[in-house]
Amino acid sequence: MSISKTLEGKVAFIQGGSRGIGAAIAQRLAKEGAAVALTYVASASAALEVVEAIEAAGGRAIAIQADSRDELAIRAAIRHTVETFGRLDILVNNAGVLAVAPIEEFSIDDLDRTLAVNVRSVVIASQEAARVMGEGGRIITIGSTNAERMPFAGGSVYAMSKAAVAGFTKGLARDLGPRGITVNNVQPGPVDTDMNPESGEFAEGLKQLMALPRYGQAEEIASFVAYLVGPEAAYITGANLMIDGGFSA
């Protein structure tokens, strides 16, 4: 099926785009016509594979090493994107970490890392992007259904971090709405990725909690993001949108 290039002439920055959901988003937005910049921390080869796949399909892409815990690296990566492609229209905050442990045993290092990547980096990247975006800009954060439903023990800090970006989304939509920039939070349920594979030890238990007893695919999340950053979704903002197979139903 041919896909019309609804993002022709747009530039997208994807924080955490070398694998899983981020890589799928990068490739889908490029397929829609956007020039894409994606960040990675250590997996340079994986990031290069995404860039090469996009270029082989006729798109434009660059990979930038930037640790999402590093404020200066995030800001520099966004500036480099604008310098390379001339503008910025779309920000996708996809970088995320997951640490699970009983609260009595949860380390402060894991707390700091979770908040730095899952919350702080979202604020920093959104702030930097907002400085250069014009009317029609789009900011998307990849949150989690766990912001609203955490059905197993040990996930309290992760759930807190995802609830934080859900609230941030609503406030940021108010800040940027007068400028014609939309802000939305996509909240996936279990998705078949390296972090949480469909063949993993938690998979069967999670499937029993869902209305659709299967994991989602990264491409399904990417298609939803592509819609939200496209012209047909211009009236959607400040929304926390589930794509979780009925996990939260």
# chains A, B, ... in the order shown; residues from 1 in each chain; ligands from 1
call {"tool": "residues_around", "arguments": {"residues": "segment 105-120 of chain A", "least_positions_apart": "5", "cutoff": "10 Å", "atoms": "only C-alpha atoms", "output": "PyMOL selection string"}}
result
chain A and resi 67-71+93-100+125-126+141-143+154-158+160-166+168
call {"tool": "write_last_selection", "arguments": {"atoms": "N, CA, C and O atoms", "output": "CSV table (one decimal), in the first residue's frame"}}
result
chain,number,residue,atom,x,y,z
A,67,ASP,N,23.4,11.4,25.3
A,67,ASP,CA,22.8,10.8,26.5
A,67,ASP,C,21.6,11.6,27.0
A,67,ASP,O,21.8,12.8,27.3
A,68,SER,N,20.5,11.0,27.1
A,68,SER,CA,19.3,11.7,27.6
A,68,SER,C,19.4,12.2,29.0
A,68,SER,O,18.5,13.0,29.5
A,69,ARG,N,20.4,11.8,29.7
A,69,ARG,CA,20.6,12.3,31.1
A,69,ARG,C,21.5,13.6,31.1
A,69,ARG,O,21.6,14.2,32.1
A,70,ASP,N,21.9,14.0,29.9
A,70,ASP,CA,22.9,15.1,29.8
A,70,ASP,C,22.2,16.3,29.1
A,70,ASP,O,21.9,16.3,28.0
A,71,GLU,N,21.9,17.3,29.9
A,71,GLU,CA,21.2,18.5,29.4
A,71,GLU,C,21.9,19.1,28.2
A,71,GLU,O,21.2,19.4,27.2
A,93,ASN,N,9.7,12.6,22.0
A,93,ASN,CA,10.5,12.2,23.2
A,93,ASN,C,10.3,10.7,23.5
A,93,ASN,O,9.3,10.3,24.1
A,94,ASN,N,11.2,9.9,23.0
A,94,ASN,CA,11.0,8.4,23.1
A,94,ASN,C,12.0,7.8,24.1
A,94,ASN,O,11.7,6.6,24.5
A,95,ALA,N,13.0,8.4,24.5
A,95,ALA,CA,14.0,7.8,25.4
A,95,ALA,C,13.3,7.4,26.7
A,95,ALA,O,12.5,8.2,27.3
A,96,GLY,N,13.6,6.2,27.2
A,96,GLY,CA,13.0,5.8,28.5
A,96,GLY,C,13.8,4.7,29.1
A,96,GLY,O,14.5,3.9,28.4
A,97,VAL,N,13.7,4.6,30.4
A,97,VAL,CA,14.3,3.5,31.2
A,97,VAL,C,13.3,2.9,32.1
A,97,VAL,O,12.3,3.5,32.5
A,98,LEU,N,13.5,1.6,32.5
A,98,LEU,CA,12.6,0.9,33.3
A,98,LEU,C,13.4,0.2,34.4
A,98,LEU,O,14.3,-0.6,34.1
A,99,ALA,N,13.1,0.5,35.7
A,99,ALA,CA,13.7,-0.1,36.8
A,99,ALA,C,12.6,-0.6,37.7
A,99,ALA,O,11.7,0.2,38.0
A,100,VAL,N,12.6,-1.9,38.1
A,100,VAL,CA,11.5,-2.4,38.9
A,100,VAL,C,12.1,-3.1,40.1
A,100,VAL,O,13.0,-3.9,40.1
A,125,ALA,N,14.2,18.7,26.3
A,125,ALA,CA,14.0,18.6,24.9
A,125,ALA,C,12.8,19.4,24.4
A,125,ALA,O,12.9,20.1,23.4
A,126,SER,N,11.8,19.4,25.2
A,126,SER,CA,10.6,20.2,24.8
A,126,SER,C,10.9,21.7,24.9
A,126,SER,O,10.4,22.5,24.0
A,141,THR,N,5.3,12.8,23.3
A,141,THR,CA,6.1,12.0,24.3
A,141,THR,C,5.5,10.6,24.3
A,141,THR,O,4.3,10.4,24.2
A,142,ILE,N,6.4,9.6,24.3
A,142,ILE,CA,6.0,8.2,24.4
A,142,ILE,C,6.0,7.9,25.9
A,142,ILE,O,7.0,7.7,26.6
A,143,GLY,N,4.8,7.9,26.5
A,143,GLY,CA,4.6,7.6,27.9
A,143,GLY,C,4.4,6.1,28.1
A,143,GLY,O,5.0,5.3,27.5
A,154,GLY,N,6.3,-3.3,42.4
A,154,GLY,CA,7.7,-3.0,42.0
A,154,GLY,C,7.8,-1.9,41.0
A,154,GLY,O,8.9,-1.4,40.7
A,155,GLY,N,6.6,-1.5,40.4
A,155,GLY,CA,6.7,-0.5,39.3
A,155,GLY,C,6.3,0.9,39.7
A,155,GLY,O,6.0,1.7,38.9
A,156,SER,N,6.3,1.2,41.0
A,156,SER,CA,5.8,2.5,41.5
A,156,SER,C,6.5,3.7,40.9
A,156,SER,O,6.0,4.7,40.5
A,157,VAL,N,7.9,3.6,40.9
A,157,VAL,CA,8.7,4.8,40.4
A,157,VAL,C,8.5,4.9,38.9
A,157,VAL,O,8.4,6.1,38.4
A,158,TYR,N,8.5,3.8,38.2
A,158,TYR,CA,8.2,3.9,36.8
A,158,TYR,C,6.9,4.6,36.5
A,158,TYR,O,6.8,5.5,35.6
A,160,MET,N,5.2,6.5,38.4
A,160,MET,CA,5.3,7.9,38.8
A,160,MET,C,5.9,8.8,37.6
A,160,MET,O,5.4,9.9,37.3
A,161,SER,N,7.0,8.3,37.0
A,161,SER,CA,7.6,9.0,36.0
A,161,SER,C,6.7,9.2,34.8
A,161,SER,O,6.7,10.3,34.1
A,162,LYS,N,5.9,8.2,34.4
A,162,LYS,CA,5.0,8.3,33.3
A,162,LYS,C,3.8,9.1,33.6
A,162,LYS,O,3.3,9.8,32.7
A,163,ALA,N,3.4,9.1,34.8
A,163,ALA,CA,2.3,10.0,35.2
A,163,ALA,C,2.8,11.5,35.2
A,163,ALA,O,2.0,12.4,34.9
A,164,ALA,N,4.0,11.7,35.5
A,164,ALA,CA,4.6,13.1,35.5
A,164,ALA,C,4.5,13.7,34.1
A,164,ALA,O,4.1,14.8,33.9
A,165,VAL,N,4.9,12.9,33.1
A,165,VAL,CA,4.9,13.4,31.7
A,165,VAL,C,3.5,13.6,31.2
A,165,VAL,O,3.2,14.4,30.3
A,166,ALA,N,2.5,12.8,31.7
A,166,ALA,CA,1.1,13.0,31.4
A,166,ALA,C,0.6,14.3,31.8
A,166,ALA,O,-0.1,15.1,31.1
A,168,PHE,N,2.6,16.9,32.5
A,168,PHE,CA,3.4,17.9,31.8
A,168,PHE,C,2.8,18.2,30.4
A,168,PHE,O,2.8,19.3,29.9
call {"tool": "closest_atom_pairs", "arguments": {"of": "segment 36-62 of chain A", "to": "segment 1-22 of chain A", "cutoff": "8 Å", "atoms": "only C-alpha atoms", "output": "CSV"}}
result
residue,atom,partner,partner_atom,distance
A:Val36,CA,A:Ala12,CA,4.9
A:Ala37,CA,A:Phe13,CA,4.8
A:Leu38,CA,A:Ile14,CA,4.7
A:Thr39,CA,A:Gly16,CA,5.1
A:Tyr40,CA,A:Gly16,CA,5.5
A:Val41,CA,A:Gly16,CA,7.9
A:Ser43,CA,A:Ser18,CA,7.0
A:Ala44,CA,A:Ser18,CA,7.9
A:Ala46,CA,A:Ser18,CA,5.6
A:Ala47,CA,A:Ser18,CA,4.2
A:Leu48,CA,A:Ser18,CA,7.9
A:Val50,CA,A:Ser18,CA,6.5
call {"tool": "atom_distance", "arguments": {"atom1": "atom CA of Ile54 of chain A", "atom2": "atom CA of Ala234 of chain A"}}
result
25.9 Å
call {"tool": "atom_distance", "arguments": {"atom1": "atom CA of Ala24 of chain A", "atom2": "atom CA of Gln217 of chain A"}}
result
9.3 Å
call {"tool": "residues_around", "arguments": {"residues": "segment 138-140 of chain A", "least_positions_apart": "2", "cutoff": "8 Å", "atoms": "only C-alpha atoms", "output": "list of chain:residue names"}}
result
A:Asp89, A:Ile90, A:Leu91, A:Val92, A:Asn93, A:Ser126, A:Gly136, A:Ile142, A:Ile181, A:Thr182, A:Val183, A:Asn184, A:Asn185, A:Val186, A:Val225, A:Val229
call {"tool": "write_last_selection", "arguments": {"atoms": "C-alpha atoms", "output": "compact mmCIF listing (two decimals), in the first residue's frame"}}
result
# COMPACT_ATOMS: atom_id res chain seq x y z
CA ASP A 89 8.80 20.76 13.17
CA ILE A 90 8.42 17.56 15.18
CA LEU A 91 9.86 16.42 18.50
CA VAL A 92 9.34 12.85 19.68
CA ASN A 93 10.49 12.18 23.25
CA SER A 126 10.58 20.20 24.80
CA GLY A 136 2.13 23.73 13.20
CA ILE A 142 6.04 8.25 24.44
CA ILE A 181 2.00 23.93 18.47
CA THR A 182 0.29 20.74 19.66
CA VAL A 183 1.52 18.55 22.51
CA ASN A 184 0.38 14.96 23.07
CA ASN A 185 1.38 11.93 25.10
CA VAL A 186 1.16 8.46 23.52
CA VAL A 225 2.60 8.88 16.09
CA VAL A 229 2.22 14.71 13.87
call {"tool": "select_by_dssp", "arguments": {"residues": "segment 43-235 of chain A", "states": "alpha helix (DSSP H)", "output": "ChimeraX atom specification"}}
result
/A:44-56,71-85,108-115,121-130,156-176,203-207,218-228
call {"tool": "closest_residue", "arguments": {"among": "A:Gln187, A:Gln27, A:Asn240, A:Asn196", "to": "Ala53 of chain A", "atoms": "only C-alpha atoms"}}
result
A:Gln27
call {"tool": "residues_around", "arguments": {"residues": "Gly59 of chain A", "least_positions_apart": "5", "cutoff": "8 Å", "atoms": "only C-alpha atoms", "output": "ChimeraX atom specification"}}
result
/A:30-31,33-35,54
call {"tool": "write_last_selection", "arguments": {"atoms": "N, CA and C atoms", "output": "tab-separated table (two decimals), in the first residue's frame"}}
result
chain	number	residue	atom	x	y	z
A	30	ALA	N	10.11	9.18	8.29
A	30	ALA	CA	10.89	9.36	7.06
A	30	ALA	C	10.11	8.88	5.85
A	31	LYS	N	9.39	7.77	6.01
A	31	LYS	CA	8.57	7.25	4.92
A	31	LYS	C	7.48	8.24	4.53
A	33	GLY	N	7.94	11.36	4.55
A	33	GLY	CA	8.56	12.49	3.89
A	33	GLY	C	9.40	13.38	4.77
A	34	ALA	N	9.42	13.15	6.09
A	34	ALA	CA	10.19	14.01	6.99
A	34	ALA	C	11.68	13.68	6.93
A	35	ALA	N	12.52	14.71	7.08
A	35	ALA	CA	13.93	14.48	7.38
A	35	ALA	C	14.02	14.20	8.88
A	54	ILE	N	16.69	4.26	6.18
A	54	ILE	CA	15.94	5.44	5.73
A	54	ILE	C	16.52	5.96	4.42
call {"tool": "residues_around", "arguments": {"residues": "Thr145 of chain A", "least_positions_apart": "6", "cutoff": "8 Å", "atoms": "only C-alpha atoms", "output": "PyMOL selection string"}}
result
chain A and resi 187-189+242-244+247-248
call {"tool": "write_last_selection", "arguments": {"atoms": "C-alpha atoms", "output": "short mmCIF file (atom, residue, chain, number, x, y, z; two decimals), in the first residue's frame"}}
result
data_model
loop_
_atom_site.label_atom_id
_atom_site.label_comp_id
_atom_site.auth_asym_id
_atom_site.auth_seq_id
_atom_site.Cartn_x
_atom_site.Cartn_y
_atom_site.Cartn_z
CA GLN A 187 0.75 5.76 26.17
CA PRO A 188 1.59 2.28 24.84
CA GLY A 189 0.81 -0.93 26.59
CA MET A 242 -3.80 4.97 25.04
CA ILE A 243 -2.59 2.43 22.50
CA ASP A 244 -2.46 -0.56 24.82
CA PHE A 247 -4.59 -3.11 29.09
CA SER A 248 -6.27 -0.20 30.88
#
call {"tool": "select_by_dssp", "arguments": {"residues": "segment 2-234 of chain A", "states": "strand (DSSP E or B)", "output": "MDAnalysis selection string"}}
result
chainID A and resid 11:15 35:40 61:65 90:93 138:142 182:188 191 216
call {"tool": "write_last_selection", "arguments": {"atoms": "N, CA, C and O atoms", "output": "short mmCIF file (atom, residue, chain, number, x, y, z; two decimals), in the first residue's frame"}}
result
data_model
loop_
_atom_site.label_atom_id
_atom_site.label_comp_id
_atom_site.auth_asym_id
_atom_site.auth_seq_id
_atom_site.Cartn_x
_atom_site.Cartn_y
_atom_site.Cartn_z
N VAL A 11 10.81 18.45 9.45
CA VAL A 11 12.01 17.90 10.10
C VAL A 11 11.61 17.38 11.47
O VAL A 11 10.96 18.09 12.25
N ALA A 12 12.02 16.14 11.77
CA ALA A 12 11.67 15.50 13.03
C ALA A 12 12.92 15.15 13.82
O ALA A 12 13.93 14.70 13.26
N PHE A 13 12.86 15.36 15.12
CA PHE A 13 13.93 14.99 16.04
C PHE A 13 13.37 13.93 16.98
O PHE A 13 12.36 14.17 17.66
N ILE A 14 14.02 12.77 17.04
CA ILE A 14 13.54 11.67 17.87
C ILE A 14 14.58 11.37 18.93
O ILE A 14 15.69 10.91 18.63
N GLN A 15 14.22 11.63 20.15
CA GLN A 15 15.12 11.38 21.27
C GLN A 15 15.01 9.90 21.65
O GLN A 15 14.00 9.45 22.16
N ALA A 35 12.52 14.71 7.08
CA ALA A 35 13.93 14.48 7.38
C ALA A 35 14.02 14.20 8.88
O ALA A 35 13.34 14.85 9.69
N VAL A 36 14.84 13.22 9.24
CA VAL A 36 14.82 12.71 10.61
C VAL A 36 16.21 12.77 11.24
O VAL A 36 17.20 12.34 10.64
N ALA A 37 16.26 13.28 12.47
CA ALA A 37 17.45 13.17 13.32
C ALA A 37 17.08 12.30 14.51
O ALA A 37 16.02 12.47 15.11
N LEU A 38 17.93 11.34 14.82
CA LEU A 38 17.65 10.46 15.95
C LEU A 38 18.87 10.38 16.86
O LEU A 38 20.01 10.47 16.39
N THR A 39 18.61 10.27 18.15
CA THR A 39 19.72 10.17 19.09
C THR A 39 19.89 8.74 19.58
O THR A 39 18.97 7.94 19.55
N TYR A 40 21.11 8.48 20.02
CA TYR A 40 21.44 7.19 20.62
C TYR A 40 22.46 7.45 21.72
O TYR A 40 23.11 8.49 21.75
N ALA A 61 18.33 11.26 6.84
CA ALA A 61 18.41 11.01 8.28
C ALA A 61 19.84 11.18 8.77
O ALA A 61 20.80 10.98 8.02
N ILE A 62 19.96 11.56 10.04
CA ILE A 62 21.25 11.60 10.72
C ILE A 62 21.08 11.00 12.11
O ILE A 62 19.99 11.03 12.68
N ALA A 63 22.16 10.43 12.63
CA ALA A 63 22.18 9.91 14.00
C ALA A 63 23.14 10.76 14.82
O ALA A 63 24.23 11.12 14.35
N ILE A 64 22.73 11.10 16.04
CA ILE A 64 23.52 11.96 16.92
C ILE A 64 23.68 11.26 18.27
O ILE A 64 22.68 10.88 18.89
N GLN A 65 24.91 11.11 18.71
CA GLN A 65 25.13 10.54 20.03
C GLN A 65 24.79 11.58 21.10
O GLN A 65 25.36 12.67 21.12
N ILE A 90 8.95 18.68 14.40
CA ILE A 90 8.42 17.56 15.18
C ILE A 90 9.46 17.12 16.20
O ILE A 90 10.62 16.89 15.87
N LEU A 91 9.03 17.02 17.45
CA LEU A 91 9.86 16.42 18.50
C LEU A 91 9.15 15.18 19.02
O LEU A 91 7.96 15.25 19.38
N VAL A 92 9.86 14.07 19.06
CA VAL A 92 9.34 12.85 19.68
C VAL A 92 10.26 12.47 20.83
O VAL A 92 11.43 12.11 20.62
N ASN A 93 9.75 12.57 22.05
CA ASN A 93 10.49 12.18 23.25
C ASN A 93 10.26 10.70 23.49
O ASN A 93 9.26 10.30 24.10
N ARG A 138 4.83 20.04 16.36
CA ARG A 138 4.25 18.91 17.08
C ARG A 138 5.25 18.38 18.11
O ARG A 138 6.42 18.14 17.77
N ILE A 139 4.80 18.20 19.34
CA ILE A 139 5.61 17.56 20.38
C ILE A 139 4.86 16.31 20.86
O ILE A 139 3.71 16.40 21.28
N ILE A 140 5.53 15.19 20.76
CA ILE A 140 4.96 13.90 21.19
C ILE A 140 5.89 13.29 22.23
O ILE A 140 7.10 13.22 22.02
N THR A 141 5.33 12.82 23.32
CA THR A 141 6.09 12.03 24.29
C THR A 141 5.54 10.61 24.28
O THR A 141 4.33 10.41 24.22
N ILE A 142 6.45 9.65 24.32
CA ILE A 142 6.04 8.25 24.44
C ILE A 142 6.01 7.92 25.93
O ILE A 142 7.05 7.72 26.56
N THR A 182 1.04 21.73 18.88
CA THR A 182 0.29 20.74 19.66
C THR A 182 1.23 19.86 20.46
O THR A 182 2.39 19.63 20.08
N VAL A 183 0.73 19.37 21.59
CA VAL A 183 1.52 18.55 22.51
C VAL A 183 0.67 17.36 22.95
O VAL A 183 -0.43 17.55 23.50
N ASN A 184 1.14 16.15 22.70
CA ASN A 184 0.38 14.96 23.07
C ASN A 184 1.28 13.87 23.64
O ASN A 184 2.48 13.83 23.36
N ASN A 185 0.67 13.01 24.42
CA ASN A 185 1.38 11.93 25.10
C ASN A 185 0.78 10.60 24.64
O ASN A 185 -0.40 10.33 24.86
N VAL A 186 1.59 9.78 23.99
CA VAL A 186 1.16 8.46 23.52
C VAL A 186 1.52 7.44 24.59
O VAL A 186 2.68 7.34 24.99
N GLN A 187 0.54 6.67 25.04
CA GLN A 187 0.75 5.76 26.17
C GLN A 187 0.58 4.30 25.72
O GLN A 187 -0.51 3.73 25.79
N PRO A 188 1.68 3.68 25.27
CA PRO A 188 1.59 2.28 24.84
C PRO A 188 1.41 1.33 26.01
O PRO A 188 1.83 1.60 27.14
N VAL A 191 4.59 -3.73 24.39
CA VAL A 191 5.02 -3.73 22.99
C VAL A 191 6.24 -4.63 22.88
O VAL A 191 7.12 -4.61 23.74
N GLY A 216 1.65 -5.42 21.41
CA GLY A 216 1.66 -4.54 20.26
C GLY A 216 2.98 -4.63 19.53
O GLY A 216 3.98 -5.15 20.05
#
call {"tool": "atom_distance", "arguments": {"atom1": "atom CA of Met210 of chain A", "atom2": "atom CA of Gly246 of chain A"}}
result
5.1 Å
call {"tool": "residues_around", "arguments": {"residues": "Gln208 of chain A", "least_positions_apart": "5", "cutoff": "12 Å", "atoms": "only C-alpha atoms", "output": "list in words"}}
result
Pro151, Pro190, Phe202, Ala203, Pro213, Arg214, Tyr215, Gly245, Gly246 and Phe247 of chain A
call {"tool": "closest_residue", "arguments": {"among": "A:Thr81, A:Ser45, A:Gln127, A:Ser121", "to": "Leu176 of chain A", "atoms": "only C-alpha atoms"}}
result
A:Gln127
call {"tool": "closest_residue", "arguments": {"among": "A:Gly167, A:Gly134, A:Pro102, A:Gly86", "to": "Arg179 of chain A", "atoms": "only C-alpha atoms"}}
result
A:Gly134
call {"tool": "decode", "arguments": {"residues": "segment 8-26 of chain A", "atoms": "N, CA, C and O atoms", "output": "mmCIF file, in the first residue's frame"}}
result
data_model
loop_
_atom_site.group_PDB
_atom_site.id
_atom_site.type_symbol
_atom_site.label_atom_id
_atom_site.label_comp_id
_atom_site.auth_asym_id
_atom_site.auth_seq_id
_atom_site.Cartn_x
_atom_site.Cartn_y
_atom_site.Cartn_z
ATOM 1 N N GLU A 8 6.109 15.795 4.026
ATOM 2 C CA GLU A 8 7.099 16.335 3.099
ATOM 3 C C GLU A 8 7.511 17.745 3.529
ATOM 4 O O GLU A 8 6.678 18.596 3.830
ATOM 5 N N GLY A 9 8.819 17.968 3.601
ATOM 6 C CA GLY A 9 9.342 19.278 3.985
ATOM 7 C C GLY A 9 9.469 19.482 5.485
ATOM 8 O O GLY A 9 10.000 20.511 5.920
ATOM 9 N N LYS A 10 9.019 18.527 6.294
ATOM 10 C CA LYS A 10 9.114 18.648 7.751
ATOM 11 C C LYS A 10 10.413 18.025 8.255
ATOM 12 O O LYS A 10 11.020 17.170 7.610
ATOM 13 N N VAL A 11 10.812 18.448 9.447
ATOM 14 C CA VAL A 11 12.006 17.903 10.101
ATOM 15 C C VAL A 11 11.608 17.377 11.474
ATOM 16 O O VAL A 11 10.957 18.088 12.254
ATOM 17 N N ALA A 12 12.019 16.143 11.765
ATOM 18 C CA ALA A 12 11.668 15.497 13.034
ATOM 19 C C ALA A 12 12.922 15.155 13.819
ATOM 20 O O ALA A 12 13.926 14.703 13.257
ATOM 21 N N PHE A 13 12.862 15.364 15.121
ATOM 22 C CA PHE A 13 13.928 14.988 16.045
ATOM 23 C C PHE A 13 13.370 13.930 16.984
ATOM 24 O O PHE A 13 12.359 14.174 17.663
ATOM 25 N N ILE A 14 14.022 12.771 17.038
ATOM 26 C CA ILE A 14 13.536 11.668 17.867
ATOM 27 C C ILE A 14 14.580 11.366 18.929
ATOM 28 O O ILE A 14 15.691 10.908 18.629
ATOM 29 N N GLN A 15 14.215 11.632 20.147
ATOM 30 C CA GLN A 15 15.118 11.375 21.269
ATOM 31 C C GLN A 15 15.012 9.898 21.650
ATOM 32 O O GLN A 15 13.997 9.446 22.162
ATOM 33 N N GLY A 16 16.068 9.144 21.354
ATOM 34 C CA GLY A 16 16.038 7.706 21.582
ATOM 35 C C GLY A 16 15.447 6.986 20.383
ATOM 36 O O GLY A 16 14.351 6.437 20.469
ATOM 37 N N GLY A 17 16.180 6.969 19.263
ATOM 38 C CA GLY A 17 15.606 6.441 18.029
ATOM 39 C C GLY A 17 16.390 5.329 17.380
ATOM 40 O O GLY A 17 16.187 5.043 16.201
ATOM 41 N N SER A 18 17.258 4.660 18.120
ATOM 42 C CA SER A 18 18.124 3.659 17.490
ATOM 43 C C SER A 18 17.532 2.253 17.475
ATOM 44 O O SER A 18 18.014 1.389 16.730
ATOM 45 N N ARG A 19 16.506 2.016 18.283
ATOM 46 C CA ARG A 19 15.937 0.661 18.319
ATOM 47 C C ARG A 19 14.499 0.714 18.811
ATOM 48 O O ARG A 19 14.011 1.746 19.269
ATOM 49 N N GLY A 20 13.822 -0.401 18.709
ATOM 50 C CA GLY A 20 12.472 -0.532 19.235
ATOM 51 C C GLY A 20 11.496 0.474 18.672
ATOM 52 O O GLY A 20 11.455 0.739 17.465
ATOM 53 N N ILE A 21 10.691 1.047 19.549
ATOM 54 C CA ILE A 21 9.653 1.998 19.142
ATOM 55 C C ILE A 21 10.273 3.215 18.468
ATOM 56 O O ILE A 21 9.770 3.702 17.453
ATOM 57 N N GLY A 22 11.380 3.729 18.997
ATOM 58 C CA GLY A 22 12.006 4.908 18.419
ATOM 59 C C GLY A 22 12.466 4.687 16.997
ATOM 60 O O GLY A 22 12.283 5.547 16.123
ATOM 61 N N ALA A 23 13.073 3.534 16.729
ATOM 62 C CA ALA A 23 13.530 3.224 15.374
ATOM 63 C C ALA A 23 12.350 3.109 14.422
ATOM 64 O O ALA A 23 12.408 3.580 13.277
ATOM 65 N N ALA A 24 11.269 2.479 14.886
ATOM 66 C CA ALA A 24 10.077 2.349 14.046
ATOM 67 C C ALA A 24 9.479 3.717 13.732
ATOM 68 O O ALA A 24 9.030 3.969 12.606
ATOM 69 N N ILE A 25 9.468 4.611 14.724
ATOM 70 C CA ILE A 25 8.949 5.966 14.502
ATOM 71 C C ILE A 25 9.825 6.708 13.496
ATOM 72 O O ILE A 25 9.322 7.364 12.579
ATOM 73 N N ALA A 26 11.138 6.609 13.659
ATOM 74 C CA ALA A 26 12.056 7.292 12.746
ATOM 75 C C ALA A 26 11.806 6.851 11.310
ATOM 76 O O ALA A 26 11.704 7.686 10.394
#
